[in-house]
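Printed here is upload_25.txt (compact mmCIF, C-alpha atoms):
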# COMPACT_ATOMS: atom_id res chain seq x y z
CA MET D 1 139.98 82.68 -18.58
CA LYS D 2 141.03 84.02 -15.16
CA VAL D 3 137.44 85.00 -14.35
CA ALA D 4 136.20 81.50 -15.18
CA ALA D 5 138.92 79.91 -13.04
CA LEU D 6 138.11 82.21 -10.10
CA THR D 7 134.40 81.51 -10.47
CA ILE D 8 134.95 77.75 -10.49
CA ALA D 9 137.29 78.00 -7.48
CA GLY D 10 134.70 80.06 -5.59
CA LEU D 11 131.92 77.60 -6.38
CA LEU D 12 134.03 74.63 -5.30
CA ALA D 13 135.02 76.37 -2.06
CA GLY D 14 131.33 76.85 -1.27
CA CYS D 15 130.80 73.09 -1.54
CA ALA D 16 133.36 72.25 1.17
CA VAL D 17 132.06 70.05 3.97
CA PRO D 18 133.22 70.89 7.51
CA ALA D 19 135.78 68.49 8.92
CA SER D 20 134.36 65.90 11.30
CA LYS D 21 135.92 65.71 14.74
CA PRO D 22 137.10 62.30 15.95
CA MET D 23 135.14 60.75 18.80
CA VAL D 24 137.05 60.68 22.07
CA ALA D 25 136.76 57.51 24.13
CA ALA D 26 135.83 57.85 27.79
CA VAL D 27 138.57 57.06 30.30
CA SER D 28 137.76 54.13 32.58
CA ASP D 29 137.78 54.44 36.37
CA GLY D 30 140.57 51.88 36.64
CA ALA D 31 142.86 53.92 34.39
CA LEU D 32 142.41 56.87 36.75
CA GLY D 33 143.08 54.80 39.86
CA LEU D 34 139.47 55.04 41.04
CA SER D 35 138.77 51.35 41.44
CA GLY D 36 138.08 51.54 45.19
CA GLU D 37 134.74 51.69 46.97
CA VAL D 38 132.19 54.13 45.71
CA THR D 39 131.26 56.72 48.30
CA PRO D 40 127.56 57.44 48.65
CA VAL D 41 126.27 60.62 47.08
CA ILE D 42 125.40 63.36 49.55
CA ALA D 43 121.71 64.24 49.46
CA ALA D 44 120.82 67.60 47.93
CA ASP D 45 118.95 68.54 51.12
CA TRP D 46 121.68 67.37 53.52
CA TRP D 47 120.91 70.07 56.11
CA HIS D 48 117.59 68.38 57.01
CA GLY D 49 119.65 65.64 58.67
CA PHE D 50 120.52 68.04 61.52
CA GLY D 51 116.85 68.46 62.44
CA ASP D 52 117.31 72.20 63.00
CA PRO D 53 114.29 74.26 61.86
CA GLN D 54 116.34 77.48 61.92
CA LEU D 55 118.94 75.97 59.57
CA ASP D 56 116.12 74.70 57.32
CA ARG D 57 114.63 78.22 57.21
CA LEU D 58 117.99 79.92 56.53
CA VAL D 59 118.95 77.59 53.69
CA GLY D 60 115.42 77.76 52.28
CA ASP D 61 115.52 81.58 52.30
CA ALA D 62 118.96 81.60 50.68
CA VAL D 63 117.84 79.30 47.88
CA ALA D 64 114.47 81.04 47.37
CA ASN D 65 115.80 84.61 47.32
CA SER D 66 119.12 84.21 45.56
CA PRO D 67 119.77 86.51 42.61
CA SER D 68 122.35 84.05 41.28
CA LEU D 69 119.65 81.36 41.04
CA ASP D 70 117.31 83.80 39.31
CA ALA D 71 120.06 84.62 36.81
CA ALA D 72 120.76 80.91 36.25
CA LEU D 73 117.05 80.24 35.67
CA ALA D 74 116.96 83.15 33.20
CA ARG D 75 119.96 81.68 31.35
CA ILE D 76 118.14 78.33 31.10
CA ALA D 77 115.04 80.05 29.70
CA GLN D 78 117.17 81.96 27.21
CA ALA D 79 119.00 78.82 26.09
CA GLN D 80 115.68 76.97 25.69
CA ALA D 81 114.32 79.84 23.58
CA VAL D 82 117.39 79.69 21.33
CA LEU D 83 116.93 75.91 21.00
CA ALA D 84 113.26 76.37 20.05
CA THR D 85 114.30 78.93 17.42
CA ARG D 86 116.91 76.59 15.97
CA ASN D 87 114.36 73.76 15.82
CA ALA D 88 111.84 76.06 14.12
CA ASP D 89 114.41 76.86 11.42
CA THR D 90 114.26 73.26 10.18
CA GLY D 91 110.63 73.39 9.10
CA PRO D 92 108.90 75.15 6.24
CA ASP D 93 107.94 78.81 6.43
CA VAL D 94 104.57 79.55 4.81
CA THR D 95 103.11 83.02 4.40
CA LEU D 96 99.87 84.18 2.85
CA ASP D 97 99.37 87.83 1.95
CA ALA D 98 96.11 89.33 0.72
CA GLN D 99 95.01 92.86 0.02
CA GLU D 100 91.86 94.41 -1.25
CA GLN D 101 90.71 97.92 -1.98
CA TYR D 102 87.62 99.58 -3.33
CA ALA D 103 88.70 101.56 -6.39
CA ARG D 104 87.32 103.28 -9.43
CA LEU D 105 88.75 101.70 -12.54
CA SER D 106 89.59 104.06 -15.36
CA GLY D 107 87.61 103.90 -18.57
CA ARG D 108 90.93 103.41 -20.36
CA TYR D 109 92.02 100.61 -18.06
CA THR D 110 93.51 97.39 -19.37
CA ILE D 111 90.36 95.52 -18.36
CA PRO D 112 87.59 95.36 -21.02
CA PRO D 113 84.57 97.70 -20.90
CA PRO D 114 82.16 95.82 -18.63
CA PHE D 115 84.56 96.51 -15.75
CA ALA D 116 86.40 99.58 -17.05
CA GLY D 117 84.89 102.85 -15.87
CA SER D 118 83.20 101.23 -12.86
CA THR D 119 83.91 101.16 -9.14
CA ARG D 120 84.91 97.68 -7.94
CA PHE D 121 86.79 95.78 -5.31
CA VAL D 122 90.31 95.11 -6.61
CA GLY D 123 92.54 92.71 -4.75
CA SER D 124 95.43 90.32 -4.88
CA VAL D 125 96.52 87.19 -3.02
CA ALA D 126 100.08 85.86 -2.76
CA ALA D 127 101.28 82.66 -1.10
CA ASN D 128 104.95 81.97 -0.34
CA LEU D 129 106.67 78.78 0.76
CA ASN D 130 110.27 78.84 1.98
CA TRP D 131 112.17 75.81 3.25
CA ASN D 132 115.88 75.82 4.04
CA LEU D 133 117.17 72.32 3.45
CA ASP D 134 120.03 71.23 5.69
CA LEU D 135 122.27 69.88 2.96
CA PHE D 136 125.63 70.42 4.68
CA GLY D 137 124.64 70.03 8.35
CA ARG D 138 124.61 73.70 9.38
CA GLN D 139 121.18 73.51 11.02
CA LYS D 140 121.98 70.19 12.69
CA ALA D 141 125.16 71.69 14.16
CA ALA D 142 123.26 74.78 15.34
CA ILE D 143 120.67 72.58 17.08
CA ALA D 144 123.41 70.49 18.73
CA GLY D 145 125.11 73.68 19.95
CA ALA D 146 121.84 75.08 21.31
CA ARG D 147 121.10 71.76 23.06
CA ALA D 148 124.57 71.85 24.65
CA SER D 149 123.90 75.43 25.80
CA VAL D 150 120.70 74.27 27.54
CA GLN D 151 122.62 71.49 29.28
CA ALA D 152 125.39 73.91 30.31
CA ALA D 153 122.84 76.36 31.71
CA ALA D 154 121.20 73.53 33.70
CA LEU D 155 124.59 72.57 35.13
CA ASP D 156 125.22 76.22 36.03
CA LEU D 157 121.92 76.23 37.92
CA ALA D 158 122.89 73.05 39.79
CA ALA D 159 126.26 74.60 40.66
CA ALA D 160 124.58 77.77 41.93
CA ARG D 161 122.21 75.72 44.10
CA LEU D 162 125.12 73.69 45.43
CA SER D 163 127.13 76.80 46.28
CA LEU D 164 124.17 78.20 48.23
CA SER D 165 123.33 75.03 50.14
CA GLY D 166 126.90 74.12 50.86

Would it be possible to restate this file's structure as structure tokens?
Amino acid sequence: MKVAALTIAGLLAGCAVPASKPMVAAVSDGALGLSGEVTPVIAADWWHGFGDPQLDRLVGDAVANSPSLDAALARIAQAQAVLATRNADTGPDVTLDAQEQYARLSGRYTIPPPFAGSTRFVGSVAANLNWNLDLFGRQKAAIAGARASVQAAALDLAAARLSLSG
């Protein structure tokens, strides 16, 4: 009786759906006291406005040869690879295996006499199909997390560029 109750409790616990998080409404500019004039956005290449070729060269060298930018680009590539892997997990996985060998079949083999006692090609073929269905949203959540990681890595790259160019 106790084993049956524990088994049923375990099966029911496995069917639990993760709690959904409530959506948070965005705060308006007026509520933050930001209802004044909008200041223009500073251009990403603001240093060109000085017309100084030496400054252009220095900032260009800093951006081109920065290890922090290389690391940020590597983090973006890594996050994109994780996203591609998560997206690949949603589709079917099909494999086909085949093998063949040239073998002498015994005269006392399970195959009848025309083939028994002769040398033949013996082989086998196996096909497998595997598809993980996203019944409880695990794969969808993993894809959303990977997509957020790509966006975060892109923002890290923008922050690194901004810190180098001022």

Quiz item: Excluding same-chain residues fewer than 4 positions from D:His48, what lies within 12 Å of it counting only C-alpha atoms, as a PyMOL selection string?
Solution: chain D and resi 42-44+52-60+165

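Computed from the coordinates, the atom CA of D:Ala9 to atom CA of D:Gln139 distance equals 24.9 Å.
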
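Selecting by distance to (83.2, 102.1, -14.3) with a limit of 12 Å and using only C-alpha atoms, one obtains Ala103, Arg104, Leu105, Ser106, Gly107, Arg108, Tyr109, Ile111, Pro112, Pro113, Pro114, Phe115, Ala116, Gly117, Ser118, Thr119, Arg120 and Phe121 of chain D.
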
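The smallest atom-to-atom distance between D:Thr95 and any of D:Ala62, D:Ala72, D:Trp131, D:Leu12, using only C-alpha atoms, is found for D:Trp131.
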
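Distances here use all atoms listed in the file; by that measure, the residue among D:Ile76, D:Gly10, D:Ser68, D:Val24 closest to D:Leu162 is D:Ser68.
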
Quiz prompt | Option closest in space to D:Ala146, from D:Met1, D:Asn132, D:Ser163, D:Ala79 [counting all atoms listed in the file] | solution = D:Ala79

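What separates atom CA of D:Ala13 from atom CA of D:Ala142 is a distance of 21.1 Å.
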
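Closest to D:Ala144 among D:Arg75, D:Arg86, D:Leu157, D:Tyr102 is D:Arg86, based on all atoms listed in the file.
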
Practice problem: Go ahead and find all residues with at least one atom no further than 10 Å from (121.0, 74.1, 19.1) in the file's coordinates, using all atoms listed in the file; report them as a VMD selection string. | Solution: chain D and resid 79 to 87 139 to 150

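The spacing separating atom CA of D:Pro67 from atom CA of D:Ala154 amounts to 15.8 Å.
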
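Minimum distance to D:Ala153 across D:Val3, D:Ala71, D:Cys15, D:Ala25 (counting all atoms listed in the file) occurs at D:Ala71.
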
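Counting all atoms listed in the file and comparing D:Leu133, D:Ala4, D:Ala19, D:Asp156, the residue that lies closest to D:Ala74 is D:Asp156.
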
Excluding same-chain residues fewer than 4 positions from D:Leu129, what lies within 9 Å of it counting all atoms listed in the file, as an mmCIF file with C-alpha atoms, keeping the file's coordinate frame?
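Everything below was put into result.cif:
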data_model
loop_
_atom_site.group_PDB
_atom_site.id
_atom_site.type_symbol
_atom_site.label_atom_id
_atom_site.label_comp_id
_atom_site.auth_asym_id
_atom_site.auth_seq_id
_atom_site.Cartn_x
_atom_site.Cartn_y
_atom_site.Cartn_z
ATOM 1 C CA PRO D 92 108.900 75.150 6.240
ATOM 2 C CA ASP D 93 107.940 78.810 6.430
ATOM 3 C CA VAL D 94 104.570 79.550 4.810
ATOM 4 C CA THR D 95 103.110 83.020 4.400
ATOM 5 C CA LEU D 96 99.870 84.180 2.850
#
